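This is target-v1.cif. It holds mmCIF, N, CA and C atoms.
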```
data_input
loop_
_atom_site.label_atom_id
_atom_site.label_comp_id
_atom_site.auth_asym_id
_atom_site.auth_seq_id
_atom_site.Cartn_x
_atom_site.Cartn_y
_atom_site.Cartn_z
N MET A 294 161.52 43.76 55.49
CA MET A 294 162.80 43.26 55.91
C MET A 294 162.93 43.30 57.43
N THR A 295 162.38 44.34 58.03
CA THR A 295 162.44 44.47 59.48
C THR A 295 161.70 43.32 60.14
N LEU A 296 160.58 42.95 59.57
CA LEU A 296 159.79 41.86 60.12
C LEU A 296 160.54 40.53 60.04
N VAL A 297 161.30 40.33 58.97
CA VAL A 297 162.09 39.11 58.82
C VAL A 297 163.11 39.00 59.95
N PHE A 298 163.80 40.10 60.24
CA PHE A 298 164.80 40.06 61.30
C PHE A 298 164.16 39.95 62.68
N PHE A 299 162.96 40.48 62.83
CA PHE A 299 162.22 40.30 64.09
C PHE A 299 161.92 38.82 64.30
N ILE A 300 161.46 38.15 63.26
CA ILE A 300 161.16 36.71 63.36
C ILE A 300 162.44 35.91 63.61
N LEU A 301 163.53 36.27 62.92
CA LEU A 301 164.80 35.59 63.15
C LEU A 301 165.27 35.77 64.59
N ARG A 302 165.01 36.93 65.15
CA ARG A 302 165.46 37.19 66.51
C ARG A 302 164.62 36.43 67.54
N ILE A 303 163.37 36.12 67.20
CA ILE A 303 162.52 35.37 68.11
C ILE A 303 162.91 33.90 68.17
N ILE A 304 163.36 33.35 67.04
CA ILE A 304 163.76 31.94 66.99
C ILE A 304 165.11 31.80 67.71
N PRO A 305 165.19 30.99 68.75
CA PRO A 305 166.42 30.90 69.56
C PRO A 305 167.66 30.52 68.76
N SER A 306 167.53 29.67 67.75
CA SER A 306 168.72 29.23 67.02
C SER A 306 169.24 30.31 66.06
N THR A 307 168.47 31.32 65.77
CA THR A 307 168.91 32.36 64.83
C THR A 307 169.04 33.74 65.46
N THR A 308 168.91 33.82 66.76
CA THR A 308 168.96 35.11 67.45
C THR A 308 170.28 35.83 67.22
N GLU A 309 171.38 35.14 67.40
CA GLU A 309 172.70 35.78 67.26
C GLU A 309 172.97 36.19 65.82
N VAL A 310 172.53 35.37 64.87
CA VAL A 310 172.70 35.71 63.45
C VAL A 310 171.93 36.99 63.12
N ALA A 311 170.71 37.09 63.62
CA ALA A 311 169.90 38.29 63.38
C ALA A 311 170.54 39.53 63.99
N LYS A 312 171.11 39.39 65.19
CA LYS A 312 171.74 40.53 65.85
C LYS A 312 172.95 41.03 65.04
N ILE A 313 173.67 40.11 64.42
CA ILE A 313 174.85 40.50 63.64
C ILE A 313 174.44 41.08 62.28
N LEU A 314 173.54 40.40 61.59
CA LEU A 314 173.16 40.84 60.24
C LEU A 314 172.40 42.16 60.23
N GLN A 315 171.70 42.47 61.29
CA GLN A 315 170.93 43.72 61.29
C GLN A 315 171.82 44.95 61.23
N TRP A 316 173.08 44.82 61.65
CA TRP A 316 173.99 45.97 61.57
C TRP A 316 174.28 46.37 60.14
N PHE A 317 174.26 45.41 59.22
CA PHE A 317 174.51 45.74 57.81
C PHE A 317 173.33 46.50 57.22
N LEU A 318 172.12 46.20 57.67
CA LEU A 318 170.93 46.88 57.16
C LEU A 318 170.69 48.22 57.84
N ARG A 319 171.37 48.48 58.89
CA ARG A 319 171.16 49.74 59.61
C ARG A 319 171.70 50.95 58.86
N PHE A 320 172.34 50.75 57.73
CA PHE A 320 172.75 51.88 56.90
C PHE A 320 171.57 52.43 56.11
N ILE A 321 170.44 51.73 56.15
CA ILE A 321 169.21 52.19 55.50
C ILE A 321 168.34 52.84 56.58
N PRO A 322 168.12 54.14 56.50
CA PRO A 322 167.39 54.84 57.57
C PRO A 322 165.99 54.29 57.83
N SER A 323 165.28 53.90 56.81
CA SER A 323 163.93 53.37 57.03
C SER A 323 163.97 52.05 57.79
N TYR A 324 165.01 51.25 57.58
CA TYR A 324 165.16 50.01 58.35
C TYR A 324 165.42 50.35 59.82
N CYS A 325 166.27 51.32 60.07
CA CYS A 325 166.56 51.72 61.46
C CYS A 325 165.29 52.15 62.19
N PHE A 326 164.49 52.93 61.52
CA PHE A 326 163.26 53.42 62.15
C PHE A 326 162.33 52.27 62.49
N GLY A 327 162.09 51.39 61.52
CA GLY A 327 161.21 50.24 61.75
C GLY A 327 161.77 49.29 62.79
N SER A 328 163.05 49.04 62.73
CA SER A 328 163.68 48.14 63.68
C SER A 328 163.61 48.69 65.10
N GLY A 329 163.83 49.99 65.23
CA GLY A 329 163.74 50.61 66.55
C GLY A 329 162.35 50.50 67.15
N LEU A 330 161.34 50.73 66.32
CA LEU A 330 159.97 50.62 66.82
C LEU A 330 159.61 49.18 67.21
N ILE A 331 159.97 48.24 66.37
CA ILE A 331 159.66 46.84 66.67
C ILE A 331 160.42 46.38 67.92
N ASN A 332 161.70 46.71 67.99
CA ASN A 332 162.48 46.30 69.16
C ASN A 332 161.98 46.95 70.44
N LEU A 333 161.52 48.19 70.34
CA LEU A 333 160.98 48.87 71.50
C LEU A 333 159.73 48.15 72.03
N GLY A 334 158.90 47.72 71.12
CA GLY A 334 157.68 47.02 71.52
C GLY A 334 157.92 45.59 71.98
N ALA A 335 159.03 45.00 71.56
CA ALA A 335 159.29 43.59 71.86
C ALA A 335 160.35 43.39 72.95
N ARG A 336 160.62 44.41 73.73
CA ARG A 336 161.65 44.30 74.77
C ARG A 336 161.38 43.15 75.74
N LYS A 337 160.16 43.05 76.22
CA LYS A 337 159.82 41.99 77.18
C LYS A 337 159.87 40.62 76.52
N LEU A 338 159.49 40.54 75.25
CA LEU A 338 159.56 39.28 74.52
C LEU A 338 161.01 38.82 74.40
N TYR A 339 161.90 39.74 74.05
CA TYR A 339 163.32 39.39 73.94
C TYR A 339 163.88 38.95 75.29
N THR A 340 163.46 39.60 76.36
CA THR A 340 163.91 39.24 77.71
C THR A 340 163.49 37.81 78.03
N THR A 341 162.25 37.48 77.70
CA THR A 341 161.74 36.14 77.98
C THR A 341 162.45 35.09 77.14
N ILE A 342 162.60 35.35 75.87
CA ILE A 342 163.22 34.37 74.96
C ILE A 342 164.69 34.13 75.34
N GLU A 343 165.40 35.18 75.67
CA GLU A 343 166.82 35.05 75.97
C GLU A 343 167.08 34.66 77.42
N GLY A 344 166.04 34.54 78.23
CA GLY A 344 166.19 34.08 79.60
C GLY A 344 166.89 35.06 80.51
N ARG A 345 166.75 36.34 80.24
CA ARG A 345 167.38 37.36 81.09
C ARG A 345 166.54 37.58 82.34
N GLU A 346 167.17 38.02 83.40
CA GLU A 346 166.45 38.29 84.64
C GLU A 346 165.81 39.68 84.62
N GLU A 347 166.48 40.63 83.98
CA GLU A 347 165.95 41.98 83.91
C GLU A 347 165.58 42.31 82.47
N ASP A 348 164.58 43.19 82.32
CA ASP A 348 164.19 43.64 80.99
C ASP A 348 165.31 44.44 80.34
N TYR A 349 165.31 44.42 79.02
CA TYR A 349 166.23 45.29 78.29
C TYR A 349 165.85 46.75 78.56
N GLU A 350 166.84 47.60 78.66
CA GLU A 350 166.59 49.03 78.76
C GLU A 350 166.23 49.56 77.37
N VAL A 351 165.53 50.67 77.35
CA VAL A 351 165.14 51.25 76.06
C VAL A 351 166.37 51.61 75.24
N TYR A 352 167.38 52.15 75.90
CA TYR A 352 168.58 52.57 75.19
C TYR A 352 169.68 51.51 75.20
N ASP A 353 169.29 50.24 75.23
CA ASP A 353 170.25 49.15 75.07
C ASP A 353 170.68 49.12 73.60
N ILE A 354 171.93 48.74 73.35
CA ILE A 354 172.45 48.73 71.99
C ILE A 354 171.66 47.79 71.08
N ASN A 355 171.06 46.76 71.64
CA ASN A 355 170.28 45.81 70.84
C ASN A 355 168.81 46.18 70.73
N ILE A 356 168.38 47.23 71.41
CA ILE A 356 166.98 47.64 71.33
C ILE A 356 166.88 48.91 70.47
N CYS A 357 167.12 50.06 71.02
CA CYS A 357 166.97 51.30 70.25
C CYS A 357 168.27 52.08 70.04
N LEU A 358 169.23 51.91 70.91
CA LEU A 358 170.44 52.72 70.82
C LEU A 358 171.19 52.49 69.51
N GLY A 359 171.30 51.25 69.09
CA GLY A 359 171.99 50.96 67.83
C GLY A 359 171.33 51.64 66.65
N ASP A 360 170.00 51.63 66.64
CA ASP A 360 169.27 52.28 65.55
C ASP A 360 169.42 53.79 65.61
N ILE A 361 169.36 54.36 66.81
CA ILE A 361 169.51 55.81 66.97
C ILE A 361 170.91 56.25 66.54
N LEU A 362 171.93 55.52 66.97
CA LEU A 362 173.30 55.85 66.58
C LEU A 362 173.48 55.79 65.07
N MET A 363 172.96 54.72 64.46
CA MET A 363 173.13 54.58 63.01
C MET A 363 172.34 55.65 62.25
N LEU A 364 171.18 56.04 62.76
CA LEU A 364 170.44 57.13 62.12
C LEU A 364 171.24 58.43 62.17
N ALA A 365 171.88 58.70 63.30
CA ALA A 365 172.69 59.92 63.43
C ALA A 365 173.91 59.86 62.52
N ILE A 366 174.60 58.73 62.52
CA ILE A 366 175.81 58.58 61.70
C ILE A 366 175.48 58.65 60.22
N THR A 367 174.50 57.86 59.80
CA THR A 367 174.17 57.86 58.36
C THR A 367 173.55 59.18 57.93
N GLY A 368 172.82 59.84 58.83
CA GLY A 368 172.29 61.15 58.49
C GLY A 368 173.40 62.13 58.16
N PHE A 369 174.44 62.14 58.98
CA PHE A 369 175.59 63.01 58.73
C PHE A 369 176.31 62.60 57.44
N ILE A 370 176.54 61.30 57.27
CA ILE A 370 177.24 60.80 56.08
C ILE A 370 176.48 61.14 54.81
N TYR A 371 175.16 60.93 54.81
CA TYR A 371 174.37 61.18 53.62
C TYR A 371 174.31 62.67 53.28
N ILE A 372 174.27 63.54 54.29
CA ILE A 372 174.27 64.97 54.02
C ILE A 372 175.60 65.40 53.41
N VAL A 373 176.70 64.91 53.96
CA VAL A 373 178.02 65.22 53.40
C VAL A 373 178.12 64.68 51.98
N LEU A 374 177.60 63.49 51.75
CA LEU A 374 177.63 62.88 50.42
C LEU A 374 176.85 63.73 49.41
N VAL A 375 175.73 64.27 49.81
CA VAL A 375 174.95 65.14 48.92
C VAL A 375 175.77 66.37 48.54
N PHE A 376 176.42 66.99 49.51
CA PHE A 376 177.22 68.18 49.21
C PHE A 376 178.40 67.84 48.31
N VAL A 377 179.04 66.71 48.52
CA VAL A 377 180.16 66.31 47.67
C VAL A 377 179.69 66.07 46.24
N ILE A 378 178.58 65.36 46.09
CA ILE A 378 178.05 65.09 44.75
C ILE A 378 177.65 66.38 44.06
N GLU A 379 177.01 67.29 44.78
CA GLU A 379 176.61 68.57 44.18
C GLU A 379 177.83 69.39 43.77
N LYS A 380 178.88 69.37 44.58
CA LYS A 380 180.10 70.11 44.25
C LYS A 380 180.76 69.53 43.00
N LEU A 381 180.83 68.19 42.93
CA LEU A 381 181.40 67.55 41.74
C LEU A 381 180.55 67.81 40.51
N ASN A 382 179.25 67.83 40.68
CA ASN A 382 178.36 68.09 39.56
C ASN A 382 178.47 69.53 39.08
N ALA A 383 178.63 70.47 40.00
CA ALA A 383 178.76 71.88 39.62
C ALA A 383 180.06 72.13 38.85
N LYS A 384 181.10 71.42 39.19
CA LYS A 384 182.38 71.59 38.49
C LYS A 384 182.43 70.78 37.19
N GLY A 385 181.46 69.93 36.97
CA GLY A 385 181.43 69.14 35.74
C GLY A 385 182.25 67.86 35.82
N ILE A 386 182.86 67.62 36.96
CA ILE A 386 183.68 66.41 37.13
C ILE A 386 182.81 65.16 37.08
N LEU A 387 181.69 65.22 37.76
CA LEU A 387 180.79 64.07 37.81
C LEU A 387 180.25 63.73 36.43
N THR A 388 179.95 64.74 35.64
CA THR A 388 179.44 64.50 34.29
C THR A 388 180.50 63.83 33.43
N ARG A 389 181.74 64.25 33.57
CA ARG A 389 182.81 63.62 32.79
C ARG A 389 183.06 62.19 33.21
N ILE A 390 182.89 61.90 34.50
CA ILE A 390 183.11 60.53 34.98
C ILE A 390 182.00 59.62 34.48
N ILE A 391 180.77 60.07 34.56
CA ILE A 391 179.63 59.23 34.20
C ILE A 391 179.40 59.19 32.70
N SER A 392 179.49 60.34 32.04
CA SER A 392 179.15 60.43 30.62
C SER A 392 180.37 60.14 29.75
N LYS A 393 180.13 59.45 28.69
CA LYS A 393 181.20 59.17 27.71
C LYS A 393 181.01 60.05 26.48
N GLU A 394 180.38 61.21 26.67
CA GLU A 394 180.05 62.09 25.56
C GLU A 394 181.29 62.65 24.87
N ASP A 395 182.39 62.80 25.57
CA ASP A 395 183.61 63.35 24.99
C ASP A 395 184.21 62.43 23.94
N THR A 396 183.95 61.14 24.04
CA THR A 396 184.54 60.19 23.10
C THR A 396 183.77 60.13 21.78
N ILE A 397 182.57 60.71 21.76
CA ILE A 397 181.75 60.70 20.55
C ILE A 397 182.02 62.00 19.78
N THR A 398 182.39 61.87 18.52
CA THR A 398 182.67 63.06 17.72
C THR A 398 181.37 63.71 17.27
N TYR A 399 181.40 65.03 17.20
CA TYR A 399 180.21 65.77 16.82
C TYR A 399 180.09 65.78 15.30
N LYS A 400 178.93 65.43 14.82
CA LYS A 400 178.63 65.46 13.38
C LYS A 400 177.42 66.35 13.18
N PRO A 401 177.62 67.51 12.56
CA PRO A 401 176.47 68.39 12.33
C PRO A 401 175.49 67.75 11.35
N LYS A 402 174.23 67.95 11.62
CA LYS A 402 173.20 67.37 10.76
C LYS A 402 172.94 68.28 9.58
N GLU A 403 172.60 67.67 8.48
CA GLU A 403 172.26 68.45 7.29
C GLU A 403 170.86 69.02 7.47
N MET A 404 170.69 70.28 7.04
CA MET A 404 169.40 70.93 7.20
C MET A 404 168.62 70.85 5.89
N ASP A 405 167.32 70.74 6.04
CA ASP A 405 166.44 70.75 4.88
C ASP A 405 166.45 72.14 4.26
N ALA A 406 166.01 72.21 3.04
CA ALA A 406 165.99 73.50 2.33
C ALA A 406 165.05 74.48 3.02
N ASP A 407 163.89 74.02 3.49
CA ASP A 407 162.96 74.93 4.13
C ASP A 407 163.49 75.44 5.47
N VAL A 408 164.25 74.64 6.18
CA VAL A 408 164.86 75.08 7.43
C VAL A 408 165.91 76.13 7.15
N GLU A 409 166.70 75.93 6.12
CA GLU A 409 167.73 76.93 5.74
C GLU A 409 167.07 78.25 5.36
N ASP A 410 165.94 78.16 4.61
CA ASP A 410 165.23 79.40 4.22
C ASP A 410 164.72 80.14 5.45
N GLU A 411 164.18 79.43 6.43
CA GLU A 411 163.68 80.07 7.65
C GLU A 411 164.82 80.71 8.44
N MET A 412 165.97 80.03 8.50
CA MET A 412 167.11 80.58 9.23
C MET A 412 167.62 81.85 8.56
N GLU A 413 167.57 81.93 7.23
CA GLU A 413 168.00 83.15 6.53
C GLU A 413 167.02 84.29 6.78
N GLU A 414 165.71 83.95 6.89
CA GLU A 414 164.71 84.98 7.15
C GLU A 414 164.88 85.56 8.55
N VAL A 415 165.19 84.70 9.53
CA VAL A 415 165.34 85.14 10.91
C VAL A 415 166.60 85.99 11.05
N ALA A 416 167.67 85.61 10.38
CA ALA A 416 168.94 86.33 10.51
C ALA A 416 168.85 87.58 9.74
#
```

Starting from the file, lay out its structure as structure tokens.
Amino acid sequence: MTLVFFILRIIPSTTEVAKILQWFLRFIPSYCFGSGLINLGARKLYTTIEGREEDYEVYDINICLGDILMLAITGFIYIVLVFVIEKLNAKGILTRIISKEDTITYKPKEMDADVEDEMEEVA
């Protein structure tokens, strides 16, 4: 996916679209990492294509800063999300939300004669 947006950014007619759409994918940490590396290596290419007089800085929002910021933000969000999910799971709230087990009535199964004999021997 990172390579697709790199190619879109190289094509002059799709550069702005790629710059906007990449923000939606930056919630995926692996995309941020790949995008940051590709953008870091292609700084001079972007400068040439966009007709800028000066090269992009490493920490430009369109090169690495956007990816670094999103990695930090999503890292914090995902850690908090893990703790919230674990807390809900420990209280059983998550199980009740996901599982419909409460709506199914319990029906005890009939035991075979040999199973009943073994249970009497054990007891």

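You will find atom CA of Leu330 of chain A at 22.3 Å from atom C of Phe369 of chain A.
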
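The shortest atom-to-atom distance to Pro322 of chain A, with all atoms listed in the file taken into account, belongs to A:Met363 out of A:Met363, A:Cys357, A:Val297, A:Val351.
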
Report summary line: The residue from A:Tyr349, A:Phe298, A:Tyr339, A:Phe320 with the smallest atom-to-atom distance to Thr367 of chain A, counting all atoms listed in the file, is A:Phe320

Query raised in the report: Closest to Pro305 of chain A among A:Met412, A:Leu338, A:Ala383, A:Leu333, using only C-alpha atoms?
Result: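 The answer is A:Leu338, which sits nearest to Pro305 of chain A.
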
Requested in this report: Identify, with DSSP run on backbone atoms, the residues in chain A assigned to alpha helix (DSSP H), and express the list as a PyMOL selection string.
Outcome: chain A and resi 295-303+308-318+322-334+336-343+359-384+386-391+406-415

**Report entry** For atom C of Thr308 of chain A and atom CA of Lys337 of chain A, the interatomic separation in Å (one decimal)
**Finding:**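 Separation of atom C of Thr308 of chain A and atom CA of Lys337 of chain A: 15.7 Å.
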
Report task. Could you give me, as an MDAnalysis selection string, the residues within 8 Å of Leu296 of chain A, counting all atoms listed in the file and dropping anything in the same chain fewer than 4 positions from it? Result -> chainID A and resid 300:302 327:328

If you take every atom of segment 303-322 of chain A that the file lists and fit an axis-aligned box around them with 3 Å extra on each side, what centre and edge lengths come out in Å to one decimal, as JSON?
```
{"center_x": 168.7, "center_y": 42.0, "center_z": 62.5, "size_x": 18.3, "size_y": 31.6, "size_z": 20.1}
```
